[in-house]
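The block underneath contains the structure these notes are about, expressed in structure tokens.
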Amino acid sequence: MTTTERRTAHVGIVTVSYNSGRYLTDFLASTGASCSGRVPVVVADNRSDDLAGLRAATEASGAVFLELGTNAGYGSAVNRAVAALPPDVDWVLVSNPDVVLAPGSVDRLLATGSERADIGAVGPAIVELDGTVYPSARAVPSLRNGLGHALFANVWPRNPWTARYHSDRDGARRRDAGWLSGACLLVRRSAFERIGGFDERYFMYFEDVDLGYRLSRAGFRNVYEPAARVTHVGAHSTRGVSERMRHAHHASAYRFLASKYHGWYLWPLRVALRLALGVRSRMHGSTI
């Protein structure tokens with residue numbers, strides 16, 4: 001068996017469908033050229049309306065369609081998809097279905113992740129349709145920056161806390177990060193399983209922040225690798241998001257920061273954070 005064959009035999013790809021339409025078809029079509037040889041692909045479905053169409057598209061590509069029958073959130077679906085992969089898979093590409101993988105991109109991520117045993121996850125450059133690189137490798141937010149961002153982002157956009165909250169946006173060089181976007185990342189399966197996968201208390205938003213934080217606490221690195229590129233054909237913009245999505249984002253932000261800063265002596269700051277996020281969640285036109 002050649003080195004390439006050994007490497008690709010241990011990679012799996014998972015994605016989550018929720019009324020994903022044509023995006024899923026394009027994503028599945030891009031998986032073949034993203035790495036050498038064939039890899040198992042699992043699509044976990046969060047109770048889409050067009051189950052028959054999504055199943056047909058998935059199975060036509062040779063992937064496995066995992067009908068969950070409910071929508072318990074992105075992280076929960078990914079956990080079940082990873083569990084459905086063959087036992088010999090030790091690296092898993094987790095991706096949104098509205099991503100198109102560039103040829104060789106998974107091979108590049110795998111080469112980087114295999115350089116050191118302490119690398120737990122590797123993220124690619126996520127390129128928008130207009131050519132801009134999405135800030136997909138970020139620092140883990142602190143309670144101070146999270147509170148300042150929640151209080152002042154809408155009334156004082158250039159405040160220092162929001163600036164720090166949105167820092168670490170260098171998309172040009174390989175570097176370690178606090179967390180990598182769950183839109184597309186390669187994760188070492190043993191590390192993923194050691195920390196229990198995604199925390200299923202997060203229905204949407206911040207499950208990737210939490211994953212990166214827990215990987216770091218377990219001694220693993222999150223590495224951003226811009227030599228691997230994928231295209232995000234959906235929309236990262238949060239302008240005009242629904243009230244439900246805005247509420248979910250702020251609830252997840254509070255859950256993460258309150259869990260990270262759980263000391264009893266920090267309860268006044270947690271109360272202030274909850275109040276600030278509650279006010280911001282109710283502001284029309286607020287961005288996430």
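Going by the structure tokens order, chains are called A, B, ..., each with residues numbered from 1, while ligands are numbered from 1 in the order shown.
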Neighbouring residues of segment 223-230 of chain A were defined as those with any atom within 8 Å, considering only C-alpha atoms; residues of the same chain fewer than 5 positions away were excluded. Please report them as a PDB file with N, CA and C atoms, in the first residue's frame.
ATOM      1  N   VAL A  99     -20.567  24.504   0.918  1.00  0.00           N
ATOM      2  CA  VAL A  99     -19.144  24.701   0.676  1.00  0.00           C
ATOM      3  C   VAL A  99     -18.743  23.845  -0.511  1.00  0.00           C
ATOM      4  N   VAL A 100     -17.858  24.362  -1.352  1.00  0.00           N
ATOM      5  CA  VAL A 100     -17.282  23.584  -2.448  1.00  0.00           C
ATOM      6  C   VAL A 100     -15.796  23.417  -2.155  1.00  0.00           C
ATOM      7  N   LEU A 101     -15.354  22.179  -2.079  1.00  0.00           N
ATOM      8  CA  LEU A 101     -13.966  21.868  -1.748  1.00  0.00           C
ATOM      9  C   LEU A 101     -13.089  21.969  -2.991  1.00  0.00           C
ATOM     10  N   ALA A 102     -11.975  22.667  -2.876  1.00  0.00           N
ATOM     11  CA  ALA A 102     -11.047  22.777  -4.003  1.00  0.00           C
ATOM     12  C   ALA A 102     -10.313  21.453  -4.177  1.00  0.00           C
ATOM     13  N   GLY A 104      -7.698  18.753  -4.066  1.00  0.00           N
ATOM     14  CA  GLY A 104      -6.528  18.579  -3.208  1.00  0.00           C
ATOM     15  C   GLY A 104      -6.615  19.243  -1.855  1.00  0.00           C
ATOM     16  N   SER A 105      -7.715  19.918  -1.556  1.00  0.00           N
ATOM     17  CA  SER A 105      -7.802  20.681  -0.301  1.00  0.00           C
ATOM     18  C   SER A 105      -7.769  19.782   0.928  1.00  0.00           C
ATOM     19  N   VAL A 106      -8.456  18.648   0.890  1.00  0.00           N
ATOM     20  CA  VAL A 106      -8.447  17.751   2.040  1.00  0.00           C
ATOM     21  C   VAL A 106      -7.071  17.106   2.199  1.00  0.00           C
ATOM     22  N   ARG A 108      -4.287  18.517   1.521  1.00  0.00           N
ATOM     23  CA  ARG A 108      -3.428  19.545   2.119  1.00  0.00           C
ATOM     24  C   ARG A 108      -3.694  19.668   3.615  1.00  0.00           C
ATOM     25  N   LEU A 109      -4.955  19.649   4.012  1.00  0.00           N
ATOM     26  CA  LEU A 109      -5.296  19.717   5.435  1.00  0.00           C
ATOM     27  C   LEU A 109      -4.722  18.514   6.174  1.00  0.00           C
ATOM     28  N   THR A 112      -0.948  18.719   6.739  1.00  0.00           N
ATOM     29  CA  THR A 112      -0.626  19.624   7.848  1.00  0.00           C
ATOM     30  C   THR A 112      -0.947  18.979   9.190  1.00  0.00           C
ATOM     31  N   GLY A 113      -2.117  18.369   9.307  1.00  0.00           N
ATOM     32  CA  GLY A 113      -2.506  17.751  10.565  1.00  0.00           C
ATOM     33  C   GLY A 113      -1.614  16.596  10.961  1.00  0.00           C
ATOM     34  N   ILE A 119      -1.646  18.181  16.953  1.00  0.00           N
ATOM     35  CA  ILE A 119      -2.602  18.938  16.145  1.00  0.00           C
ATOM     36  C   ILE A 119      -3.938  18.202  16.162  1.00  0.00           C
ATOM     37  N   ALA A 121      -7.026  19.797  15.125  1.00  0.00           N
ATOM     38  CA  ALA A 121      -7.913  20.246  14.057  1.00  0.00           C
ATOM     39  C   ALA A 121      -7.153  21.179  13.125  1.00  0.00           C
ATOM     40  N   VAL A 122      -7.532  21.150  11.854  1.00  0.00           N
ATOM     41  CA  VAL A 122      -6.921  22.011  10.840  1.00  0.00           C
ATOM     42  C   VAL A 122      -8.040  22.630  10.021  1.00  0.00           C
ATOM     43  N   GLY A 123      -7.971  23.941   9.826  1.00  0.00           N
ATOM     44  CA  GLY A 123      -9.000  24.631   9.068  1.00  0.00           C
ATOM     45  C   GLY A 123      -8.448  25.266   7.812  1.00  0.00           C
ATOM     46  N   PRO A 124      -9.192  25.251   6.719  1.00  0.00           N
ATOM     47  CA  PRO A 124      -8.740  25.858   5.466  1.00  0.00           C
ATOM     48  C   PRO A 124      -9.080  27.335   5.385  1.00  0.00           C
ATOM     49  N   ALA A 125      -8.576  27.996   4.368  1.00  0.00           N
ATOM     50  CA  ALA A 125      -9.052  29.336   4.035  1.00  0.00           C
ATOM     51  C   ALA A 125     -10.435  29.179   3.405  1.00  0.00           C
ATOM     52  N   ILE A 126     -11.416  29.852   3.971  1.00  0.00           N
ATOM     53  CA  ILE A 126     -12.786  29.788   3.456  1.00  0.00           C
ATOM     54  C   ILE A 126     -13.021  31.062   2.645  1.00  0.00           C
ATOM     55  N   VAL A 127     -13.140  30.898   1.342  1.00  0.00           N
ATOM     56  CA  VAL A 127     -13.204  32.026   0.419  1.00  0.00           C
ATOM     57  C   VAL A 127     -14.653  32.277   0.011  1.00  0.00           C
ATOM     58  N   ALA A 137     -10.526  31.567  11.527  1.00  0.00           N
ATOM     59  CA  ALA A 137      -9.613  31.127  12.581  1.00  0.00           C
ATOM     60  C   ALA A 137      -9.456  32.275  13.560  1.00  0.00           C
ATOM     61  N   GLY A 171      -5.712  36.088   7.246  1.00  0.00           N
ATOM     62  CA  GLY A 171      -6.029  34.897   6.458  1.00  0.00           C
ATOM     63  C   GLY A 171      -4.922  34.468   5.532  1.00  0.00           C
ATOM     64  N   ALA A 172      -3.733  35.050   5.657  1.00  0.00           N
ATOM     65  CA  ALA A 172      -2.669  34.804   4.691  1.00  0.00           C
ATOM     66  C   ALA A 172      -1.618  33.802   5.144  1.00  0.00           C
ATOM     67  N   ARG A 173      -1.512  33.529   6.448  1.00  0.00           N
ATOM     68  CA  ARG A 173      -0.414  32.671   6.906  1.00  0.00           C
ATOM     69  C   ARG A 173      -0.923  31.552   7.810  1.00  0.00           C
ATOM     70  N   ARG A 174      -0.163  30.446   7.791  1.00  0.00           N
ATOM     71  CA  ARG A 174      -0.486  29.355   8.692  1.00  0.00           C
ATOM     72  C   ARG A 174      -0.214  29.802  10.129  1.00  0.00           C
ATOM     73  N   ARG A 175      -1.118  29.474  11.034  1.00  0.00           N
ATOM     74  CA  ARG A 175      -0.958  29.885  12.426  1.00  0.00           C
ATOM     75  C   ARG A 175      -1.883  29.069  13.319  1.00  0.00           C
ATOM     76  N   ASP A 176      -1.579  29.066  14.583  1.00  0.00           N
ATOM     77  CA  ASP A 176      -2.474  28.458  15.557  1.00  0.00           C
ATOM     78  C   ASP A 176      -3.613  29.424  15.862  1.00  0.00           C
ATOM     79  N   ALA A 177      -4.758  28.878  16.195  1.00  0.00           N
ATOM     80  CA  ALA A 177      -5.928  29.697  16.507  1.00  0.00           C
ATOM     81  C   ALA A 177      -6.617  29.119  17.735  1.00  0.00           C
ATOM     82  N   LEU A 180     -11.592  27.133  15.170  1.00  0.00           N
ATOM     83  CA  LEU A 180     -11.733  27.131  13.717  1.00  0.00           C
ATOM     84  C   LEU A 180     -13.206  27.006  13.361  1.00  0.00           C
TER      85      LEU A 180
END
Original post:
Could you name the residues that touch Ala183 of chain A at 8 Å or less, counting only C-alpha atoms, but leaving out those on the same chain fewer than 3 positions away, as an MDAnalysis selection string?
Top reply: chainID A and resid 94:96 99
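Using only C-alpha atoms for every distance, the candidate list A:Thr132, A:Ser259, A:Ser190, A:Asn19 yields A:Asn19 as the residue closest to Arg47 of chain A.
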**OP:** Identify which of the residues A:Ala57, A:Val92, A:Leu185, A:Ala83 lies closest to Phe27 of chain A, counting only C-alpha atoms when measuring atom-to-atom distances.
**Re:**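 Looking at the shortest contact to Phe27 of chain A, the residue is A:Ala57.
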**OP:** Would you mind listing what lies within 9 Å of Leu66 of chain A as a PyMOL selection string, with only C-alpha atoms counted and same-chain residues fewer than 3 positions away left out?
**Re:** chain A and resi 42-45+55+80-81+84
**OP:** Work out how far apart atom CA of Val39 of chain A and atom CA of Val11 of chain A are and give it in Å to one decimal.
**Re:**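 These two atoms are separated by 6.1 Å.
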**OP:** Tell me which of A:Gly219, A:Gly196, A:Gly263, A:Pro40 sits closest to Pro86 of chain A, counting only C-alpha atoms.
**Re:**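 Of A:Gly219, A:Gly196, A:Gly263, A:Pro40, the one nearest Pro86 of chain A, counting only C-alpha atoms, is A:Pro40.
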